[in-house]
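These notes are about the structure you will find just below.
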Amino acid sequence: MPEQKQIIVEPIISKESVYGSRKEKNIKSCFSASPIHLGEISNQERLETYVKLVKSEINNGNGIDYFNPNYTGNDKDSLPDLFDVETGGGGLPSTPFTPNLTSPGPGSFDAQDQPAYEGEFKSIDTINNHGSGLGSAVSPSETTKKIVEQNLKIGQYITGRSYDGSNGS
C-alpha cells in the first residue's frame with residue numbers, strides 16, 4: 001500500500017504549460033457525460049463505495065461462487081489452521097505449504113492416484129526467510145482474527161505491517 005495519497009478521481013490540477021500539462025477544459029469537453037465531471041462521484045464517494053463492497057459477501061462474481069473478503073465467514077472460529085491440514089496421497093497436499101510432489105504414476109494424470117510424498121522437508125521452525133514478520137510459522141487462524149479486530153478504515157492502517165505485532169516484535 002503506498003504511503004503517499006494517490007489520485008482516485010479528483011485530479012491534481014497543475015498550472016497549464018505548453019508541454020505536458022493537463023488541459024481540464026479539453027478533458028471535460030471530451031468526456032462531458034462522465035460521472036466525474038457531473039459531480040456524481042468523488043474521492044470520498046469512491047472510498048465509501050469501496051469500503052461498502054469490501055465488507056460485503058460476493059456471490060457469483062468473476063467465476064467465484066462465493067467469497068467473503070473479511071476471511072471470517074460467519075464464524076471466526078472456522079478460520080483455516082495450517083497445522084490441521086490433512087496431508088498424504090490421493091490428491092492431498094504433501095504439507096500445508098506444498099502440493100503433493102509425487103507423480104500419479106505411468107499412464108495416469110489423476111491426482112487420486114498420487115501416493116503420499118515420502119521425501120523430507122525442512123522443519124517449519126528452522127526456516128528463516130528474508131524480511132520481517134512472523135513468517136510461515138503462523139497460521140491464518142491466528143493472523144486473520146488480529147487483522148479483523150483492528151476495524152480500521154482506509155488511511156488508518158499501520159505502515160509496513162498487517163497488525164500491531166505482526167512484524168515479530
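Numbering starts fresh at 1 for the residues of each chain in the C-alpha cells, the chains themselves are lettered A, B, ... in the order given, and ligands are numbered from 1 as they appear.
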| request: From the DSSP assignment of the backbone, select every residue of chain A that is alpha helix (DSSP H), and format the answer as a ChimeraX atom specification. | output: /A:24-30,43-54,140-150
What would the file look like if the residues just selected were written as a PDB file, in the first residue's frame with N, CA and C atoms?
```pdb
ATOM      1  N   GLU A  24      -7.747  20.824 -18.463  1.00  0.00           N
ATOM      2  CA  GLU A  24      -9.030  20.429 -17.874  1.00  0.00           C
ATOM      3  C   GLU A  24     -10.199  20.740 -18.804  1.00  0.00           C
ATOM      4  N   LYS A  25     -10.180  21.883 -19.448  1.00  0.00           N
ATOM      5  CA  LYS A  25     -11.268  22.272 -20.354  1.00  0.00           C
ATOM      6  C   LYS A  25     -11.413  21.248 -21.482  1.00  0.00           C
ATOM      7  N   ASN A  26     -10.299  20.789 -22.058  1.00  0.00           N
ATOM      8  CA  ASN A  26     -10.334  19.799 -23.137  1.00  0.00           C
ATOM      9  C   ASN A  26     -10.861  18.448 -22.647  1.00  0.00           C
ATOM     10  N   ILE A  27     -10.429  18.048 -21.460  1.00  0.00           N
ATOM     11  CA  ILE A  27     -10.872  16.759 -20.906  1.00  0.00           C
ATOM     12  C   ILE A  27     -12.377  16.800 -20.648  1.00  0.00           C
ATOM     13  N   LYS A  28     -12.865  17.871 -20.051  1.00  0.00           N
ATOM     14  CA  LYS A  28     -14.306  17.989 -19.791  1.00  0.00           C
ATOM     15  C   LYS A  28     -15.100  18.011 -21.103  1.00  0.00           C
ATOM     16  N   SER A  29     -14.539  18.607 -22.124  1.00  0.00           N
ATOM     17  CA  SER A  29     -15.209  18.647 -23.421  1.00  0.00           C
ATOM     18  C   SER A  29     -15.295  17.247 -24.033  1.00  0.00           C
ATOM     19  N   CYS A  30     -14.230  16.470 -23.912  1.00  0.00           N
ATOM     20  CA  CYS A  30     -14.209  15.097 -24.462  1.00  0.00           C
ATOM     21  C   CYS A  30     -15.111  14.148 -23.688  1.00  0.00           C
ATOM     22  N   ASN A  43     -13.752  11.535  -4.666  1.00  0.00           N
ATOM     23  CA  ASN A  43     -12.839  10.696  -3.895  1.00  0.00           C
ATOM     24  C   ASN A  43     -13.549  10.084  -2.695  1.00  0.00           C
ATOM     25  N   GLN A  44     -14.280  10.899  -1.955  1.00  0.00           N
ATOM     26  CA  GLN A  44     -14.976  10.423  -0.753  1.00  0.00           C
ATOM     27  C   GLN A  44     -16.027   9.375  -1.113  1.00  0.00           C
ATOM     28  N   GLU A  45     -16.791   9.617  -2.167  1.00  0.00           N
ATOM     29  CA  GLU A  45     -17.821   8.664  -2.585  1.00  0.00           C
ATOM     30  C   GLU A  45     -17.193   7.338  -2.993  1.00  0.00           C
ATOM     31  N   ARG A  46     -16.057   7.376  -3.715  1.00  0.00           N
ATOM     32  CA  ARG A  46     -15.364   6.153  -4.147  1.00  0.00           C
ATOM     33  C   ARG A  46     -14.837   5.372  -2.948  1.00  0.00           C
ATOM     34  N   LEU A  47     -14.280   6.065  -1.948  1.00  0.00           N
ATOM     35  CA  LEU A  47     -13.792   5.391  -0.741  1.00  0.00           C
ATOM     36  C   LEU A  47     -14.935   4.716   0.004  1.00  0.00           C
ATOM     37  N   GLU A  48     -16.062   5.412   0.137  1.00  0.00           N
ATOM     38  CA  GLU A  48     -17.221   4.835   0.828  1.00  0.00           C
ATOM     39  C   GLU A  48     -17.764   3.632   0.067  1.00  0.00           C
ATOM     40  N   THR A  49     -17.824   3.721  -1.265  1.00  0.00           N
ATOM     41  CA  THR A  49     -18.289   2.599  -2.081  1.00  0.00           C
ATOM     42  C   THR A  49     -17.342   1.412  -1.943  1.00  0.00           C
ATOM     43  N   TYR A  50     -16.050   1.667  -1.967  1.00  0.00           N
ATOM     44  CA  TYR A  50     -15.056   0.596  -1.826  1.00  0.00           C
ATOM     45  C   TYR A  50     -15.232  -0.132  -0.497  1.00  0.00           C
ATOM     46  N   VAL A  51     -15.331   0.625   0.592  1.00  0.00           N
ATOM     47  CA  VAL A  51     -15.473   0.017   1.913  1.00  0.00           C
ATOM     48  C   VAL A  51     -16.755  -0.813   1.981  1.00  0.00           C
ATOM     49  N   LYS A  52     -17.831  -0.279   1.428  1.00  0.00           N
ATOM     50  CA  LYS A  52     -19.112  -0.999   1.423  1.00  0.00           C
ATOM     51  C   LYS A  52     -18.981  -2.325   0.670  1.00  0.00           C
ATOM     52  N   LEU A  53     -18.325  -2.306  -0.486  1.00  0.00           N
ATOM     53  CA  LEU A  53     -18.161  -3.520  -1.276  1.00  0.00           C
ATOM     54  C   LEU A  53     -17.199  -4.506  -0.616  1.00  0.00           C
ATOM     55  N   VAL A  54     -16.137  -4.005  -0.022  1.00  0.00           N
ATOM     56  CA  VAL A  54     -15.138  -4.872   0.603  1.00  0.00           C
ATOM     57  C   VAL A  54     -15.707  -5.574   1.825  1.00  0.00           C
ATOM     58  N   PRO A 140      -3.269 -18.635   9.295  1.00  0.00           N
ATOM     59  CA  PRO A 140      -4.341 -17.649   9.089  1.00  0.00           C
ATOM     60  C   PRO A 140      -5.368 -17.642  10.224  1.00  0.00           C
ATOM     61  N   SER A 141      -5.521 -18.767  10.916  1.00  0.00           N
ATOM     62  CA  SER A 141      -6.469 -18.799  12.028  1.00  0.00           C
ATOM     63  C   SER A 141      -6.064 -17.834  13.137  1.00  0.00           C
ATOM     64  N   GLU A 142      -4.784 -17.519  13.214  1.00  0.00           N
ATOM     65  CA  GLU A 142      -4.303 -16.553  14.203  1.00  0.00           C
ATOM     66  C   GLU A 142      -4.267 -15.134  13.632  1.00  0.00           C
ATOM     67  N   THR A 143      -3.681 -14.987  12.446  1.00  0.00           N
ATOM     68  CA  THR A 143      -3.480 -13.643  11.896  1.00  0.00           C
ATOM     69  C   THR A 143      -4.774 -12.962  11.475  1.00  0.00           C
ATOM     70  N   THR A 144      -5.705 -13.715  10.908  1.00  0.00           N
ATOM     71  CA  THR A 144      -6.944 -13.110  10.423  1.00  0.00           C
ATOM     72  C   THR A 144      -7.726 -12.472  11.558  1.00  0.00           C
ATOM     73  N   LYS A 145      -7.818 -13.158  12.685  1.00  0.00           N
ATOM     74  CA  LYS A 145      -8.540 -12.598  13.829  1.00  0.00           C
ATOM     75  C   LYS A 145      -7.948 -11.253  14.239  1.00  0.00           C
ATOM     76  N   LYS A 146      -6.629 -11.171  14.234  1.00  0.00           N
ATOM     77  CA  LYS A 146      -5.977  -9.928  14.667  1.00  0.00           C
ATOM     78  C   LYS A 146      -6.179  -8.808  13.657  1.00  0.00           C
ATOM     79  N   ILE A 147      -6.199  -9.150  12.382  1.00  0.00           N
ATOM     80  CA  ILE A 147      -6.427  -8.137  11.345  1.00  0.00           C
ATOM     81  C   ILE A 147      -7.859  -7.611  11.440  1.00  0.00           C
ATOM     82  N   VAL A 148      -8.828  -8.510  11.583  1.00  0.00           N
ATOM     83  CA  VAL A 148     -10.237  -8.123  11.655  1.00  0.00           C
ATOM     84  C   VAL A 148     -10.523  -7.316  12.911  1.00  0.00           C
ATOM     85  N   GLU A 149      -9.892  -7.661  14.025  1.00  0.00           N
ATOM     86  CA  GLU A 149     -10.130  -6.968  15.298  1.00  0.00           C
ATOM     87  C   GLU A 149      -9.735  -5.489  15.234  1.00  0.00           C
ATOM     88  N   GLN A 150      -8.850  -5.127  14.311  1.00  0.00           N
ATOM     89  CA  GLN A 150      -8.422  -3.733  14.211  1.00  0.00           C
ATOM     90  C   GLN A 150      -9.562  -2.807  13.825  1.00  0.00           C
TER      91      GLN A 150
END
```
| Surrounding residues of stretch 83-85 of chain A excluding itself and chain neighbours under 2 positions, 12 Å, only C-alpha atoms, as a ChimeraX atom specification | /A:78-81,87-88,92-99,124,136-142
Suppose we keep N, CA and C atoms; can you now write the selection as a PDB file, in the first residue's frame?
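The file below, again39.pdb, is the result:
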```pdb
ATOM      1  N   SER A  78     -13.949 -20.666  12.495  1.00  0.00           N
ATOM      2  CA  SER A  78     -13.839 -21.582  11.368  1.00  0.00           C
ATOM      3  C   SER A  78     -12.707 -21.202  10.416  1.00  0.00           C
ATOM      4  N   LEU A  79     -11.816 -20.325  10.838  1.00  0.00           N
ATOM      5  CA  LEU A  79     -10.706 -19.915  10.001  1.00  0.00           C
ATOM      6  C   LEU A  79      -9.742 -21.071   9.795  1.00  0.00           C
ATOM      7  N   PRO A  80      -9.093 -21.132   8.619  1.00  0.00           N
ATOM      8  CA  PRO A  80      -8.191 -22.246   8.355  1.00  0.00           C
ATOM      9  C   PRO A  80      -6.976 -22.238   9.286  1.00  0.00           C
ATOM     10  N   ASP A  81      -6.669 -23.404   9.801  1.00  0.00           N
ATOM     11  CA  ASP A  81      -5.479 -23.583  10.618  1.00  0.00           C
ATOM     12  C   ASP A  81      -4.531 -24.468   9.829  1.00  0.00           C
ATOM     13  N   THR A  87      -2.755 -34.237   5.158  1.00  0.00           N
ATOM     14  CA  THR A  87      -1.750 -34.449   4.114  1.00  0.00           C
ATOM     15  C   THR A  87      -1.687 -35.929   3.757  1.00  0.00           C
ATOM     16  N   GLY A  88      -1.041 -36.243   2.638  1.00  0.00           N
ATOM     17  CA  GLY A  88      -0.866 -37.640   2.245  1.00  0.00           C
ATOM     18  C   GLY A  88      -1.027 -37.822   0.754  1.00  0.00           C
ATOM     19  N   LEU A  92      -4.135 -35.282  -1.832  1.00  0.00           N
ATOM     20  CA  LEU A  92      -3.910 -34.393  -0.694  1.00  0.00           C
ATOM     21  C   LEU A  92      -2.536 -33.740  -0.826  1.00  0.00           C
ATOM     22  N   PRO A  93      -2.328 -32.594  -0.190  1.00  0.00           N
ATOM     23  CA  PRO A  93      -1.016 -31.947  -0.275  1.00  0.00           C
ATOM     24  C   PRO A  93       0.055 -32.715   0.500  1.00  0.00           C
ATOM     25  N   SER A  94       1.328 -32.444   0.181  1.00  0.00           N
ATOM     26  CA  SER A  94       2.445 -33.059   0.910  1.00  0.00           C
ATOM     27  C   SER A  94       2.601 -32.439   2.289  1.00  0.00           C
ATOM     28  N   THR A  95       2.391 -31.135   2.376  1.00  0.00           N
ATOM     29  CA  THR A  95       2.420 -30.400   3.641  1.00  0.00           C
ATOM     30  C   THR A  95       1.359 -29.308   3.526  1.00  0.00           C
ATOM     31  N   PRO A  96       1.068 -28.598   4.599  1.00  0.00           N
ATOM     32  CA  PRO A  96       0.130 -27.475   4.488  1.00  0.00           C
ATOM     33  C   PRO A  96       0.636 -26.373   3.558  1.00  0.00           C
ATOM     34  N   PHE A  97       1.922 -26.427   3.192  1.00  0.00           N
ATOM     35  CA  PHE A  97       2.533 -25.368   2.412  1.00  0.00           C
ATOM     36  C   PHE A  97       2.897 -25.784   0.998  1.00  0.00           C
ATOM     37  N   THR A  98       2.754 -27.060   0.654  1.00  0.00           N
ATOM     38  CA  THR A  98       3.152 -27.541  -0.671  1.00  0.00           C
ATOM     39  C   THR A  98       2.123 -28.508  -1.229  1.00  0.00           C
ATOM     40  N   PRO A  99       1.950 -28.522  -2.542  1.00  0.00           N
ATOM     41  CA  PRO A  99       1.083 -29.537  -3.148  1.00  0.00           C
ATOM     42  C   PRO A  99       1.766 -30.897  -3.046  1.00  0.00           C
ATOM     43  N   ILE A 124       9.380 -26.455   9.760  1.00  0.00           N
ATOM     44  CA  ILE A 124       8.865 -25.086   9.687  1.00  0.00           C
ATOM     45  C   ILE A 124       9.579 -24.187  10.696  1.00  0.00           C
ATOM     46  N   SER A 136       6.156 -17.948   7.949  1.00  0.00           N
ATOM     47  CA  SER A 136       5.200 -19.000   7.627  1.00  0.00           C
ATOM     48  C   SER A 136       4.840 -19.866   8.826  1.00  0.00           C
ATOM     49  N   ALA A 137       5.415 -19.583   9.971  1.00  0.00           N
ATOM     50  CA  ALA A 137       5.117 -20.387  11.146  1.00  0.00           C
ATOM     51  C   ALA A 137       3.823 -19.963  11.836  1.00  0.00           C
ATOM     52  N   VAL A 138       3.143 -18.997  11.280  1.00  0.00           N
ATOM     53  CA  VAL A 138       1.884 -18.544  11.866  1.00  0.00           C
ATOM     54  C   VAL A 138       0.760 -18.872  10.887  1.00  0.00           C
ATOM     55  N   SER A 139      -0.370 -19.249  11.427  1.00  0.00           N
ATOM     56  CA  SER A 139      -1.489 -19.708  10.623  1.00  0.00           C
ATOM     57  C   SER A 139      -2.529 -18.606  10.421  1.00  0.00           C
ATOM     58  N   PRO A 140      -3.269 -18.635   9.295  1.00  0.00           N
ATOM     59  CA  PRO A 140      -4.341 -17.649   9.089  1.00  0.00           C
ATOM     60  C   PRO A 140      -5.368 -17.642  10.224  1.00  0.00           C
ATOM     61  N   SER A 141      -5.521 -18.767  10.916  1.00  0.00           N
ATOM     62  CA  SER A 141      -6.469 -18.799  12.028  1.00  0.00           C
ATOM     63  C   SER A 141      -6.064 -17.834  13.137  1.00  0.00           C
ATOM     64  N   GLU A 142      -4.784 -17.519  13.214  1.00  0.00           N
ATOM     65  CA  GLU A 142      -4.303 -16.553  14.203  1.00  0.00           C
ATOM     66  C   GLU A 142      -4.267 -15.134  13.632  1.00  0.00           C
TER      67      GLU A 142
END
```
| said: Could you list, as a ChimeraX atom specification, every residue within 8 Å of stretch 9-15 of chain A, counting only C-alpha atoms and ignoring same-chain residues fewer than 4 positions away? | reply: /A:21-22,24,36,41-43
Check the DSSP output for the backbone and give back, as a CSV table (one decimal) with N, CA and C atoms, in the first residue's frame, the residues of chain A in strand (DSSP E or B).
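Output below, filename part.csv:
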```
chain,number,residue,atom,x,y,z
A,58,ILE,N,-19.5,-11.7,-1.6
A,58,ILE,CA,-19.6,-11.7,-3.0
A,58,ILE,C,-20.2,-13.0,-3.5
A,59,ASN,N,-21.3,-13.0,-4.2
A,59,ASN,CA,-21.9,-14.2,-4.7
A,59,ASN,C,-21.8,-14.1,-6.2
A,60,ASN,N,-21.4,-15.2,-6.8
A,60,ASN,CA,-21.4,-15.4,-8.3
A,60,ASN,C,-20.7,-14.2,-9.0
A,61,GLY,N,-19.4,-13.9,-8.6
A,61,GLY,CA,-18.7,-12.8,-9.2
A,61,GLY,C,-17.4,-13.3,-9.8
A,64,ILE,N,-16.3,-16.9,-9.3
A,64,ILE,CA,-16.2,-17.4,-7.9
A,64,ILE,C,-17.6,-17.5,-7.4
A,65,ASP,N,-18.0,-18.7,-6.9
A,65,ASP,CA,-19.4,-18.9,-6.4
A,65,ASP,C,-19.6,-18.0,-5.2
A,66,TYR,N,-18.7,-18.0,-4.3
A,66,TYR,CA,-18.9,-17.3,-3.0
A,66,TYR,C,-17.5,-16.9,-2.5
A,67,PHE,N,-17.4,-15.7,-2.0
A,67,PHE,CA,-16.2,-15.2,-1.4
A,67,PHE,C,-16.5,-14.2,-0.3
A,95,THR,N,2.4,-31.1,2.4
A,95,THR,CA,2.4,-30.4,3.6
A,95,THR,C,1.4,-29.3,3.5
A,98,THR,N,2.8,-27.1,0.7
A,98,THR,CA,3.2,-27.5,-0.7
A,98,THR,C,2.1,-28.5,-1.2
```
